[in-house]
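Below is run_1.txt, holding compact mmCIF, C-alpha atoms.
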# COMPACT_ATOMS: atom_id res chain seq x y z
CA MET A 1 106.70 100.41 137.03
CA THR A 2 107.33 101.28 133.40
CA ASP A 3 109.52 103.85 131.71
CA GLN A 4 106.44 106.03 131.24
CA ALA A 5 105.67 106.20 134.96
CA PRO A 6 106.26 109.83 136.07
CA LEU A 7 107.90 108.91 139.34
CA SER A 8 111.10 110.68 140.27
CA PRO A 9 113.87 109.30 142.50
CA ALA A 10 112.69 111.81 145.10
CA HIS A 11 109.18 110.29 145.11
CA LEU A 12 110.61 106.84 145.63
CA ALA A 13 113.06 108.00 148.29
CA GLU A 14 110.23 109.63 150.26
CA ALA A 15 108.26 106.38 150.05
CA ARG A 16 111.02 104.24 151.57
CA PRO A 17 110.52 105.16 155.25
CA LEU A 18 106.82 104.52 154.76
CA THR A 19 107.27 101.09 153.22
CA GLU A 20 110.11 100.00 155.49
CA SER A 21 108.70 101.13 158.83
CA LEU A 22 105.28 102.78 158.93
CA ILE A 23 103.25 100.62 156.55
CA PRO A 24 104.19 97.28 158.20
CA LYS A 25 103.04 98.73 161.53
CA VAL A 26 99.74 99.88 160.00
CA ASP A 27 99.17 96.42 158.56
CA ARG A 28 99.79 94.88 161.98
CA PHE A 29 97.33 97.23 163.64
CA ARG A 30 94.55 96.88 161.05
CA ALA A 31 94.71 93.11 161.50
CA ARG A 32 93.62 93.67 165.11
CA GLN A 33 90.51 95.63 164.11
CA ALA A 34 86.92 94.58 163.50
CA ASP A 35 84.91 95.87 160.53
CA ASP A 36 83.67 98.88 162.50
CA GLY A 37 87.22 99.87 163.35
CA THR A 38 87.14 98.78 166.98
CA VAL A 39 89.84 96.67 168.59
CA THR A 40 88.41 93.82 170.65
CA ALA A 41 89.92 93.62 174.15
CA PRO A 42 92.66 96.17 173.35
CA THR A 43 95.99 95.67 175.06
CA ALA A 44 98.78 97.99 176.07
CA GLU A 45 100.65 96.71 173.01
CA ASP A 46 97.82 97.90 170.77
CA ARG A 47 97.92 101.35 172.30
CA THR A 48 101.70 101.51 171.99
CA LEU A 49 101.58 100.40 168.36
CA LEU A 50 98.98 103.01 167.44
CA THR A 51 101.02 105.71 169.19
CA ARG A 52 104.14 104.72 167.24
CA ILE A 53 102.17 104.78 163.98
CA LYS A 54 100.84 108.21 164.83
CA ASP A 55 104.29 109.53 165.72
CA GLU A 56 105.86 108.29 162.47
CA ALA A 57 103.01 109.61 160.36
CA CYS A 58 103.05 112.99 162.09
CA ALA A 59 106.82 113.20 161.60
CA TRP A 60 106.31 112.53 157.86
CA TYR A 61 103.60 115.16 157.69
CA ARG A 62 105.70 117.80 159.41
CA ARG A 63 108.81 116.96 157.41
CA ASN A 64 106.79 117.59 154.25
CA GLY A 65 105.16 120.83 155.35
CA LEU A 66 101.80 119.28 156.32
CA GLY A 67 101.63 120.33 159.94
CA HIS A 68 97.85 120.76 159.79
CA GLN A 69 97.48 117.05 158.96
CA ALA A 70 99.86 116.14 161.77
CA ASP A 71 97.87 118.21 164.28
CA ALA A 72 94.61 116.59 163.14
CA LEU A 73 96.00 113.05 163.35
CA ASP A 74 97.52 113.71 166.76
CA ALA A 75 94.17 114.94 168.10
CA ASP A 76 92.18 112.09 166.51
CA VAL A 77 94.46 109.40 167.93
CA ALA A 78 94.47 111.04 171.36
CA GLY A 79 90.67 111.14 171.33
CA TRP A 80 90.43 107.47 170.35
CA LEU A 81 92.91 106.39 173.02
CA ASP A 82 90.98 108.36 175.63
CA ALA A 83 87.66 106.82 174.53
CA GLY A 84 89.17 103.36 174.29
CA LEU A 85 90.20 101.42 171.21
CA ASP A 86 87.18 99.18 171.74
CA THR A 87 85.00 102.15 170.63
CA PRO A 88 84.53 103.11 166.97
CA PRO A 89 87.19 105.57 165.78
CA HIS A 90 86.27 109.19 165.01
CA PHE A 91 88.78 110.75 162.59
CA ALA A 92 86.79 113.72 161.33
CA ARG A 93 89.72 116.07 161.93
CA SER A 94 92.01 113.99 159.72
CA ARG A 95 89.27 113.65 157.12
CA ASP A 96 88.76 117.40 156.96
CA ALA A 97 92.47 118.24 157.06
CA LEU A 98 93.19 116.25 153.91
CA ARG A 99 93.57 118.62 150.98
CA PRO A 100 93.91 117.38 147.42
CA PRO A 101 97.41 117.83 146.01
CA GLU A 102 98.14 119.97 142.98
CA ASP A 103 98.76 118.15 139.72
CA GLY A 104 102.29 116.74 139.85
CA SER A 105 102.43 116.75 143.67
CA VAL A 106 102.23 113.90 146.16
CA VAL A 107 99.75 113.19 148.93
CA PHE A 108 99.95 111.04 152.05
CA PHE A 109 97.03 110.13 154.29
CA LEU A 110 96.50 107.88 157.30
CA ALA A 111 93.17 107.16 159.02
CA PRO A 112 90.70 104.35 159.65
CA LEU A 113 88.62 104.23 156.47
CA GLN A 114 86.63 101.92 154.24
CA THR A 115 88.81 100.68 151.39
CA THR A 116 85.93 99.61 149.18
CA ASN A 117 86.57 96.50 147.05
CA SER A 118 89.98 95.81 148.57
CA ALA A 119 90.98 92.31 149.64
CA PRO A 120 89.06 91.07 152.71
CA PRO A 121 88.75 91.96 155.48
CA VAL A 122 87.18 95.27 154.45
CA GLY A 123 85.94 97.73 157.04
CA LYS A 124 86.80 100.98 158.80
CA ARG A 125 90.34 99.78 159.42
CA LEU A 126 93.49 101.84 159.75
CA ASP A 127 95.07 102.36 156.34
CA CYS A 128 97.42 104.75 154.60
CA PHE A 129 98.49 105.66 151.09
CA TYR A 130 101.20 107.68 149.39
CA ALA A 131 100.39 108.75 145.86
CA LEU A 132 101.21 111.17 143.05
CA ARG A 133 98.55 113.25 141.38
CA LYS A 134 98.73 113.03 137.59
CA GLU A 135 95.85 114.41 135.57
CA PRO A 136 95.38 113.24 131.97
CA ALA A 137 97.25 115.29 129.38
CA ALA A 138 94.02 115.86 127.44
CA LEU A 139 92.14 117.32 130.40
CA PRO A 140 92.61 121.06 129.75
CA GLU A 141 91.26 120.80 126.21
CA LEU A 142 88.54 118.34 127.20
CA ALA A 143 87.36 120.66 129.97
CA VAL A 144 86.52 123.30 127.37
CA THR A 145 84.13 120.98 125.52
CA TYR A 146 82.89 119.25 128.66
CA PRO A 147 83.21 121.78 131.47
CA HIS A 148 82.92 120.54 135.03
CA PRO A 149 81.08 123.04 137.24
CA LYS A 150 82.72 121.85 140.47
CA ASN A 151 85.59 119.51 139.69
CA ASN A 152 86.93 118.07 142.93
CA CYS A 153 88.30 114.78 141.57
CA GLN A 154 91.95 113.81 141.57
CA SER A 155 93.61 111.18 139.37
CA LEU A 156 96.41 109.48 141.30
CA ILE A 157 99.21 106.99 140.87
CA LEU A 158 99.41 104.86 143.99
CA ILE A 159 103.08 104.65 144.93
CA ALA A 160 102.78 102.78 148.21
CA GLY A 161 100.09 101.86 150.70
CA SER A 162 98.97 99.56 153.47
CA ASP A 163 97.05 96.39 152.70
CA GLY A 164 93.70 98.09 152.14
CA PHE A 165 95.16 99.95 149.17
CA ALA A 166 98.02 97.69 148.11
CA GLN A 167 95.90 94.52 148.09
CA GLY A 168 92.78 94.14 145.98
CA ASN A 169 90.70 96.46 143.86
CA CYS A 170 90.12 99.60 145.93
CA LEU A 171 90.32 102.58 143.58
CA VAL A 172 88.80 105.40 145.61
CA VAL A 173 89.07 107.62 148.65
CA PHE A 174 86.08 109.82 149.47
CA PRO A 175 85.57 111.86 152.67
CA GLU A 176 82.61 109.64 153.55
CA ASN A 177 84.93 106.59 153.58
CA VAL A 178 86.77 107.90 156.64
CA ALA A 179 85.57 106.57 160.00
CA ALA A 180 83.73 109.37 161.79
CA HIS A 181 80.62 109.85 163.91
CA ASP A 182 79.24 112.68 161.79
CA LYS A 183 78.08 112.64 158.17
CA ILE A 184 79.65 114.84 155.52
CA THR A 185 77.63 117.51 153.77
CA ASP A 186 80.24 118.43 151.18
CA GLN A 187 82.53 116.12 149.21
CA SER A 188 85.71 118.17 149.14
CA TYR A 189 87.87 115.53 147.40
CA ALA A 190 87.51 112.33 145.43
CA MET A 191 90.80 110.53 144.86
CA PHE A 192 91.15 107.70 142.34
CA PHE A 193 94.13 105.35 141.97
CA PHE A 194 93.80 104.88 138.23
CA ASN A 195 97.18 103.15 137.80
CA LYS A 196 95.51 100.08 139.34
CA MET A 197 92.95 99.92 136.55
CA ARG A 198 94.88 98.00 133.90
CA SER A 199 95.53 94.95 136.10
CA ILE A 200 92.00 94.97 137.47
CA HIS A 201 90.43 95.30 134.03
CA GLU A 202 92.45 92.56 132.39
CA THR A 203 92.26 90.17 135.35
CA TYR A 204 88.52 90.38 136.01
CA ALA A 205 86.50 92.31 133.43
CA LEU A 206 87.82 90.66 130.28
CA PRO A 207 87.40 87.05 131.51
CA GLY A 208 83.99 87.98 132.89
CA ALA A 209 82.90 89.20 129.46
CA ALA A 210 84.49 86.27 127.62
CA ALA A 211 82.41 83.86 129.69
CA VAL A 212 79.18 85.52 128.54
CA LEU A 213 79.74 87.04 125.08
CA THR A 214 80.62 85.56 121.71
CA PRO A 215 84.28 86.30 120.93
CA ASP A 216 83.43 88.54 117.99
CA SER A 217 81.08 90.72 120.05
CA VAL A 218 83.34 91.39 123.06
CA PRO A 219 84.35 95.08 122.97
CA ARG A 220 88.12 94.86 122.41
CA ALA A 221 89.37 98.45 122.39
CA SER A 222 90.37 98.32 126.06
CA THR A 223 92.32 95.06 125.75
CA GLY A 224 96.12 95.06 125.93
CA LEU A 225 96.54 98.79 126.42
CA ALA A 226 99.92 100.22 127.30
CA PRO A 227 99.90 101.18 131.00
CA ASP A 228 100.09 104.92 130.34
CA VAL A 229 97.32 104.76 127.72
CA CYS A 230 95.07 102.80 130.07
CA TYR A 231 95.73 105.37 132.80
CA GLU A 232 94.87 108.28 130.50
CA ALA A 233 91.69 106.61 129.23
CA ARG A 234 90.51 105.71 132.74
CA ALA A 235 91.27 109.17 134.08
CA ILE A 236 89.29 110.79 131.27
CA TRP A 237 86.41 108.42 131.99
CA GLY A 238 86.64 109.49 135.63
CA TYR A 239 86.49 113.17 134.72
CA LEU A 240 83.55 112.80 132.35
CA HIS A 241 81.69 110.52 134.75
CA ASP A 242 82.06 112.96 137.61
CA SER A 243 81.18 116.01 135.55
CA MET A 244 77.87 114.39 134.57
CA HIS A 245 76.93 114.09 138.26
CA PHE A 246 76.77 117.86 138.56
CA LYS A 247 74.41 118.52 135.66
CA GLY A 248 70.67 118.15 135.18
CA LEU A 249 67.65 118.71 137.37
CA TRP A 250 68.96 117.03 140.53
CA PRO A 251 72.74 117.72 140.60
CA PHE A 252 74.76 115.60 142.99
CA ASP A 253 76.32 118.49 144.91
CA GLU A 254 72.91 119.93 145.80
CA HIS A 255 71.37 116.57 146.74
CA ILE A 256 74.19 114.52 148.29
CA ALA A 257 72.03 112.77 150.89
CA LEU A 258 69.39 111.86 148.31
CA LYS A 259 71.92 110.55 145.80
CA MET A 260 73.42 108.31 148.47
CA ASN A 261 70.14 106.42 148.74
CA TRP A 262 70.82 102.93 147.37
CA PHE A 263 68.13 102.98 144.68
CA VAL A 264 68.63 106.61 143.65
CA GLY A 265 72.40 106.19 143.58
CA LEU A 266 72.18 103.07 141.45
CA LEU A 267 70.22 104.90 138.75
CA GLU A 268 72.55 107.88 139.03
CA GLU A 269 75.72 105.84 138.51
CA ILE A 270 74.37 104.15 135.42
CA LYS A 271 73.11 107.48 134.08
CA VAL A 272 76.46 109.25 134.29
CA ASP A 273 78.31 106.28 132.77
CA ALA A 274 75.72 106.11 129.98
CA LYS A 275 76.28 109.80 129.30
CA THR A 276 80.03 109.22 129.24
CA VAL A 277 79.69 106.40 126.71
CA LEU A 278 77.49 108.55 124.48
CA ALA A 279 79.87 111.51 124.72
CA CYS A 280 82.63 109.18 123.52
CA ALA A 281 80.45 107.76 120.74
CA ASP A 282 79.47 111.24 119.54
CA GLY A 283 83.12 112.13 118.85
CA GLY A 284 85.74 114.58 120.05
CA VAL A 285 86.79 112.68 123.19
CA PRO A 286 90.33 111.22 123.41
CA TYR A 287 90.54 107.44 123.80
CA ALA A 288 86.83 107.23 123.04
CA GLU A 289 86.68 103.59 121.94
CA GLU A 290 88.92 102.52 124.81
CA GLN A 291 86.56 104.19 127.25
CA ILE A 292 83.40 102.73 125.73
CA ALA A 293 84.81 99.21 125.93
CA MET A 294 86.17 99.73 129.42
CA ILE A 295 82.92 101.15 130.80
CA LEU A 296 80.74 98.39 129.37
CA LEU A 297 83.09 95.59 130.40
CA GLU A 298 83.62 96.95 133.90
CA ARG A 299 80.03 97.89 134.63
CA VAL A 300 78.26 94.85 133.17
CA PHE A 301 80.80 92.04 133.42
CA ARG A 302 83.15 92.82 136.32
CA TYR A 303 81.07 94.50 139.01
CA PRO A 304 78.52 91.65 139.31
CA GLN A 305 81.36 89.21 140.10
CA ALA A 306 81.71 90.55 143.66
CA ALA A 307 81.27 87.96 146.39
CA ASP A 308 78.70 90.23 148.06
CA ALA A 309 77.01 91.12 144.78
CA THR A 310 73.46 91.12 146.15
CA ARG A 311 74.47 93.73 148.73
CA ASN A 312 77.06 95.54 146.62
CA PHE A 313 76.03 98.83 145.07
CA ASP A 314 78.32 98.62 142.03
CA SER A 315 77.26 95.03 141.38
CA GLY A 316 73.65 96.14 141.36
CA THR A 317 74.36 98.72 138.67
CA GLY A 318 75.90 96.06 136.45
CA VAL A 319 73.10 93.54 136.90
CA PHE A 320 70.48 96.23 136.26
CA LEU A 321 72.25 97.44 133.13
CA TYR A 322 72.61 93.87 131.85
CA SER A 323 68.86 93.34 132.00
CA TRP A 324 68.19 96.77 130.52
CA LEU A 325 70.37 95.89 127.53
CA ARG A 326 68.78 92.45 127.24
CA GLU A 327 65.29 93.92 127.18
CA ARG A 328 66.23 96.31 124.38
CA GLY A 329 67.95 93.82 122.08
CA ALA A 330 71.52 94.90 122.79
CA LEU A 331 72.39 91.48 124.28
CA THR A 332 70.75 88.75 122.25
CA GLY A 333 70.54 84.97 122.33
CA SER A 334 69.74 82.33 124.90
CA ALA A 335 72.24 81.79 127.70
CA ARG A 336 71.00 78.30 128.51
CA ASP A 337 73.38 75.34 128.57
CA GLY A 338 76.43 77.60 128.41
CA ALA A 339 75.44 79.35 125.18
CA LEU A 340 77.02 82.75 124.59
CA LEU A 341 75.22 86.05 124.06
CA ARG A 342 75.95 88.61 121.37
CA MET A 343 76.45 92.27 122.18
CA ASP A 344 75.39 94.69 119.45
CA ARG A 345 77.15 98.06 119.60
CA ASP A 346 74.47 100.15 117.87
CA ALA A 347 71.69 98.60 119.94
CA THR A 348 73.74 99.19 123.09
CA LEU A 349 74.13 102.88 122.33
CA ALA A 350 70.42 103.16 121.55
CA ALA A 351 69.56 101.40 124.82
CA LEU A 352 71.79 103.81 126.76
CA ARG A 353 70.08 106.80 125.14
CA ASP A 354 66.73 105.29 126.10
CA TYR A 355 67.96 104.80 129.65
CA ILE A 356 68.98 108.44 129.98
CA THR A 357 65.62 109.55 128.61
CA THR A 358 63.80 107.31 131.09
CA VAL A 359 65.74 108.50 134.14
CA GLU A 360 65.57 112.17 133.19
CA LYS A 361 61.80 111.82 132.69
CA LEU A 362 61.60 110.37 136.21
CA GLU A 363 63.63 113.29 137.54
CA ALA A 364 61.35 115.79 135.82
CA GLU A 365 58.19 114.23 137.26
CA VAL A 366 59.19 114.03 140.94
CA THR A 367 59.14 117.12 143.14
CA THR A 368 60.38 115.89 146.53
CA ASP A 369 63.14 113.65 147.83
CA ASP A 370 60.57 111.11 149.01
CA GLU A 371 58.94 111.00 145.57
CA TYR A 372 62.35 110.55 143.94
CA ARG A 373 63.28 107.70 146.28
CA ALA A 374 59.97 105.95 145.71
CA ALA A 375 60.13 106.31 141.92
CA ALA A 376 63.77 105.16 141.84
CA LYS A 377 62.98 102.09 143.92
CA ALA A 378 60.05 101.19 141.68
CA LEU A 379 62.20 101.42 138.54
CA VAL A 380 65.06 99.44 140.05
CA ARG A 381 62.70 96.73 141.25
CA ASP A 382 61.53 96.21 137.65
CA TYR A 383 65.00 94.77 136.97
CA LEU A 384 66.36 93.77 140.39
CA PRO A 385 63.76 91.78 142.33
CA ALA A 386 63.80 91.98 146.11
CA GLY A 387 66.12 89.52 147.80
CA GLU A 388 66.21 87.76 151.14
CA ALA A 389 66.80 89.55 154.43
CA LYS A 390 69.88 91.81 154.35
CA GLN A 391 70.16 91.42 150.56
CA ARG A 392 69.35 94.33 148.27
CA TYR A 393 68.15 92.11 145.43
CA ARG A 394 68.44 88.61 144.00
CA PHE A 395 69.70 87.35 140.66
CA THR A 396 67.07 86.14 138.22
CA GLU A 397 67.77 82.97 136.25
CA ASP A 398 68.76 85.01 133.21
CA GLN A 399 71.00 87.36 135.23
CA ARG A 400 72.96 84.45 136.67
CA VAL A 401 74.81 84.17 133.36
CA LEU A 402 76.91 87.08 134.68
CA LEU A 403 78.33 84.79 137.38
CA ARG A 404 79.82 82.21 135.03
CA ALA A 405 83.39 83.34 135.63
CA ARG A 406 83.03 84.00 139.36
CA GLN A 407 84.24 80.63 140.59
CA SER A 408 87.45 80.76 138.60
CA LEU A 409 88.04 84.42 139.41
CA ASP A 410 87.45 83.82 143.11
CA ARG A 411 90.34 81.34 143.10
CA LEU A 412 92.78 84.03 141.99
CA PRO A 413 94.89 85.66 144.69
CA PRO A 414 94.15 89.34 145.32
CA LEU A 415 96.01 91.69 143.04
CA THR A 416 99.02 93.22 144.72
CA PHE A 417 100.22 96.68 143.86
CA ALA A 418 103.86 96.95 144.80
CA LEU A 419 105.87 100.10 145.34
CA ALA A 420 105.53 102.40 142.32
CA GLN A 421 103.76 99.83 140.15
CA TRP A 422 102.24 101.52 137.10
Target encoding structure tokens, full file:
Amino acid sequence: MTDQAPLSPAHLAEARPLTESLIPKVDRFRARQADDGTVTAPTAEDRTLLTRIKDEACAWYRRNGLGHQADALDADVAGWLDAGLDTPPHFARSRDALRPPEDGSVVFFLAPLQTTNSAPPVGKRLDCFYALRKEPAALPELAVTYPHPKNNCQSLILIAGSDGFAQGNCLVVFPENVAAHDKITDQSYAMFFFNKMRSIHETYALPGAAAVLTPDSVPRASTGLAPDVCYEARAIWGYLHDSMHFKGLWPFDEHIALKMNWFVGLLEEIKVDAKTVLACADGGVPYAEEQIAMILLERVFRYPQAADATRNFDSGTGVFLYSWLRERGALTGSARDGALLRMDRDATLAALRDYITTVEKLEAEVTTDDEYRAAAKALVRDYLPAGEAKQRYRFTEDQRVLLRARQSLDRLPPLTFALAQW
């Protein structure tokens, strides 16, 4: 934690019973679960432990005026115990009871959920987090220039959490992450732990870029940022990114199921980040250069480092964008024999404009979901060739340059985010 961290003694005091009693129990229970959330050959001890976790969490909820969350958790746990812990958990009540906190307020949540990109094992395991919502100071003014038609995103400081949140790179909580038998039709919250970004960015993205790019062409504006500046820049990126999802011919909120298709979603994610970069480049956005550098370094040079890159959605966006930039002269040079590539800023911006034009032309030409999916798959396959069974794609020889830093990065221990770390 730094002096700039807006955490009061009351926030920290409320976190203590969670860190001293509840969270260790959650970590013990999640270690008993498989990836689908089930407990193999559950014992009476497992049932007792889950009941104690539920009781402590419900007591916290009620003590803090969140009786509706307590009622939902109590019912979800009772239903799981009745069905048997060797069946997949169904926590739709808890999922739907979670309401985003107001800016400056805290939120606590406990459920089996997918903590994407956290330290292995990752699955629909029991996890919890306690966090403070802190929106960027520039947001009210920014929202005038870049209005968000349906803003449901929350920028959070993770104060404490179980292993799925405290270990590794998980930044997000969406309703669809929560273990449940039904599918959501409306994304009523999207919570982002942006205080984790600085450590993640400097530990993985910067070395990943340095292994590929000449030193003079690495975007440097996001390097060595003060923790509060990095938080503000990342939160603004998050706002702009999300706002772009809701604009255009096929807005995300009206086509959620379509946009969750792997190929459609991949193009969509790159599109909204490209639009964010160009908004920053066009002027009037706070921390513009910091955001441009952060987006490019994260998307192209960190995401492809994932161990499951050929199945990982975010990794696919980075590998695709790398080849798009290569094809348009934004990344030049031969990568053979360890040679470094050069990134050209102007060519990168031009390539991103071309990308947006290409995707929006695709969107204008398709008239049905099936046509969109087929066209998206065809475009993605131009840059990400089909892989082996159960793999979404395979790396080409040229794309493998992105993996230069993976071996050294894989040897690093997972990042740990301690109580109230900024």
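Rounded to one decimal, CA of His68 (chain A) and CA of Ser188 (chain A) lie 16.4 Å from each other.
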Compile the contact shell of Ala131 (chain A) as a list in words: residues with an atom at most 6 Å away, counting all atoms listed in the file, same-chain residues fewer than 2 positions apart removed.
Val106, Val107, Ile157, Leu158 and Ile159 of chain A
Just the residues within 9 Å of Ala351 (chain A), please, counting all atoms listed in the file, with nothing from its chain fewer than 5 positions along; format it as an MDAnalysis selection string.
chainID A and resid 324:325 327:330 346 356
With all atoms listed in the file as the counted atoms, please give the residues lying no more than 12 Å from region 132-140 of chain A, apart from itself and same-chain residues fewer than 3 positions off, as a PyMOL selection string.
chain A and resi 5-8+10-12+14-15+100-108+129+143-148+151+153-160+190-195+228-240+284-287+420-422
Could you work out how far CA of Phe320 (chain A) lies from CA of Tyr383 (chain A), giving the answer in Å with one decimal?
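Rounded to one decimal, the two atoms are 5.7 Å apart.
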When you count all atoms listed in the file, which of these residues is closest to Ser222 (chain A): A:Trp250, A:Leu258, A:Leu296, A:Gln33?
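Using all atoms listed in the file, Ser222 (chain A) sits closest to A:Leu296.
For the choices A:Thr51, A:Asn261, A:Gln167, A:Thr276, the atom-to-atom distance to Arg373 (chain A) is smallest for A:Asn261 when using all atoms listed in the file.
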Tell me, in Å to one decimal, how far CA of Met244 (chain A) is from CA of Val272 (chain A).
5.3 Å
Contact residues around Gly164 (chain A) with all atoms listed in the file at 7 Å, ignoring same-chain residues under 2 positions, as a VMD selection string:
chain A and resid 115 118 to 119 127 162 166 to 167
Which residue gives the smallest distance to Cys170 (chain A) among A:Val122, A:Pro215, A:Ser94, A:Pro149, with all atoms listed in the file counted?
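Ranking A:Val122, A:Pro215, A:Ser94, A:Pro149 by distance to Cys170 (chain A), first place goes to A:Val122.
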Long-range neighbours of Ala374 (chain A) as a compact mmCIF listing (two decimals) with C-alpha atoms, keeping the file's coordinate frame, 12 Å cut-off, all atoms listed in the file, 6 positions minimum in chain:
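Contents of the output file result27.txt:
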# COMPACT_ATOMS: atom_id res chain seq x y z
CA LEU A 258 69.39 111.86 148.31
CA ASN A 261 70.14 106.42 148.74
CA TRP A 262 70.82 102.93 147.37
CA PHE A 263 68.13 102.98 144.68
CA VAL A 264 68.63 106.61 143.65
CA LEU A 362 61.60 110.37 136.21
CA GLU A 363 63.63 113.29 137.54
CA GLU A 365 58.19 114.23 137.26
CA VAL A 366 59.19 114.03 140.94
CA THR A 367 59.14 117.12 143.14
CA THR A 368 60.38 115.89 146.53
CA VAL A 380 65.06 99.44 140.05
CA ARG A 381 62.70 96.73 141.25
Rank A:Pro24, A:Pro251, A:Pro175, A:Pro414 by their smallest atom-to-atom distance to Arg99 (chain A), using all atoms listed in the file, and report the top residue only.
A:Pro175
Which of these, A:Leu142, A:Leu297, A:Ile23, A:Leu73, has the shortest distance to Glu202 (chain A) once you count all atoms listed in the file?
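Among the listed residues, A:Leu297 lies closest to Glu202 (chain A).
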May I have the residues at most 10 Å from (72.0, 106.2, 142.9) in the file's coordinates, counting all atoms listed in the file, as a list in words?
Phe252, Leu258, Lys259, Met260, Asn261, Trp262, Phe263, Val264, Gly265, Leu266, Leu267, Glu268, Glu269, Ile270, Lys271, Phe313, Asp314, Thr317, Arg373, Ala376 and Lys377 of chain A
Go ahead and write the selection's residues with C-alpha atoms as a PDB file, in the coordinates of the input.
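Wrote again-v3.pdb, looks like this:
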ATOM      1  CA  PHE A 252      74.760 115.600 142.990  1.00  0.00           C
ATOM      2  CA  LEU A 258      69.390 111.860 148.310  1.00  0.00           C
ATOM      3  CA  LYS A 259      71.920 110.550 145.800  1.00  0.00           C
ATOM      4  CA  MET A 260      73.420 108.310 148.470  1.00  0.00           C
ATOM      5  CA  ASN A 261      70.140 106.420 148.740  1.00  0.00           C
ATOM      6  CA  TRP A 262      70.820 102.930 147.370  1.00  0.00           C
ATOM      7  CA  PHE A 263      68.130 102.980 144.680  1.00  0.00           C
ATOM      8  CA  VAL A 264      68.630 106.610 143.650  1.00  0.00           C
ATOM      9  CA  GLY A 265      72.400 106.190 143.580  1.00  0.00           C
ATOM     10  CA  LEU A 266      72.180 103.070 141.450  1.00  0.00           C
ATOM     11  CA  LEU A 267      70.220 104.900 138.750  1.00  0.00           C
ATOM     12  CA  GLU A 268      72.550 107.880 139.030  1.00  0.00           C
ATOM     13  CA  GLU A 269      75.720 105.840 138.510  1.00  0.00           C
ATOM     14  CA  ILE A 270      74.370 104.150 135.420  1.00  0.00           C
ATOM     15  CA  LYS A 271      73.110 107.480 134.080  1.00  0.00           C
ATOM     16  CA  PHE A 313      76.030  98.830 145.070  1.00  0.00           C
ATOM     17  CA  ASP A 314      78.320  98.620 142.030  1.00  0.00           C
ATOM     18  CA  THR A 317      74.360  98.720 138.670  1.00  0.00           C
ATOM     19  CA  ARG A 373      63.280 107.700 146.280  1.00  0.00           C
ATOM     20  CA  ALA A 376      63.770 105.160 141.840  1.00  0.00           C
ATOM     21  CA  LYS A 377      62.980 102.090 143.920  1.00  0.00           C
TER      22      LYS A 377
END
Residue with smallest distance to Ala335 (chain A) - pool A:Leu249, A:Val300, A:Leu213, A:Ala350, counting only C-alpha atoms:
A:Leu213
Step by step: locate region 385-418 of chain A in the block above, keep C-alpha atoms, then write the file as a compact mmCIF listing (two decimals), in the first residue's frame.
# COMPACT_ATOMS: atom_id res chain seq x y z
CA PRO A 385 -4.42 -20.88 -38.62
CA ALA A 386 -6.40 -23.79 -37.24
CA GLY A 387 -4.63 -25.79 -34.57
CA GLU A 388 -4.73 -29.37 -33.37
CA ALA A 389 -7.71 -30.90 -31.60
CA LYS A 390 -8.93 -28.78 -28.67
CA GLN A 391 -6.71 -25.87 -29.75
CA ARG A 392 -8.25 -22.72 -31.21
CA TYR A 393 -5.26 -21.96 -33.41
CA ARG A 394 -1.53 -22.56 -33.77
CA PHE A 395 1.42 -20.19 -33.82
CA THR A 396 3.06 -19.61 -37.17
CA GLU A 397 6.85 -19.50 -37.32
CA ASP A 398 6.79 -15.71 -37.39
CA GLN A 399 4.31 -15.47 -34.50
CA ARG A 400 6.50 -17.60 -32.27
CA VAL A 401 8.73 -14.57 -31.71
CA LEU A 402 6.08 -13.51 -29.18
CA LEU A 403 7.02 -16.48 -26.99
CA ARG A 404 10.67 -15.54 -26.51
CA ALA A 405 10.18 -14.42 -22.92
CA ARG A 406 7.74 -17.16 -21.93
CA GLN A 407 10.27 -19.58 -20.48
CA SER A 408 11.82 -17.01 -18.17
CA LEU A 409 8.44 -15.57 -17.20
CA ASP A 410 7.04 -19.02 -16.47
CA ARG A 411 9.77 -19.51 -13.86
CA LEU A 412 8.54 -16.52 -11.88
CA PRO A 413 6.32 -17.23 -8.89
CA PRO A 414 2.72 -16.01 -9.23
CA LEU A 415 2.22 -12.42 -8.21
CA THR A 416 0.75 -12.11 -4.75
CA PHE A 417 -1.51 -9.26 -3.80
CA ALA A 418 -1.41 -8.85 -0.05
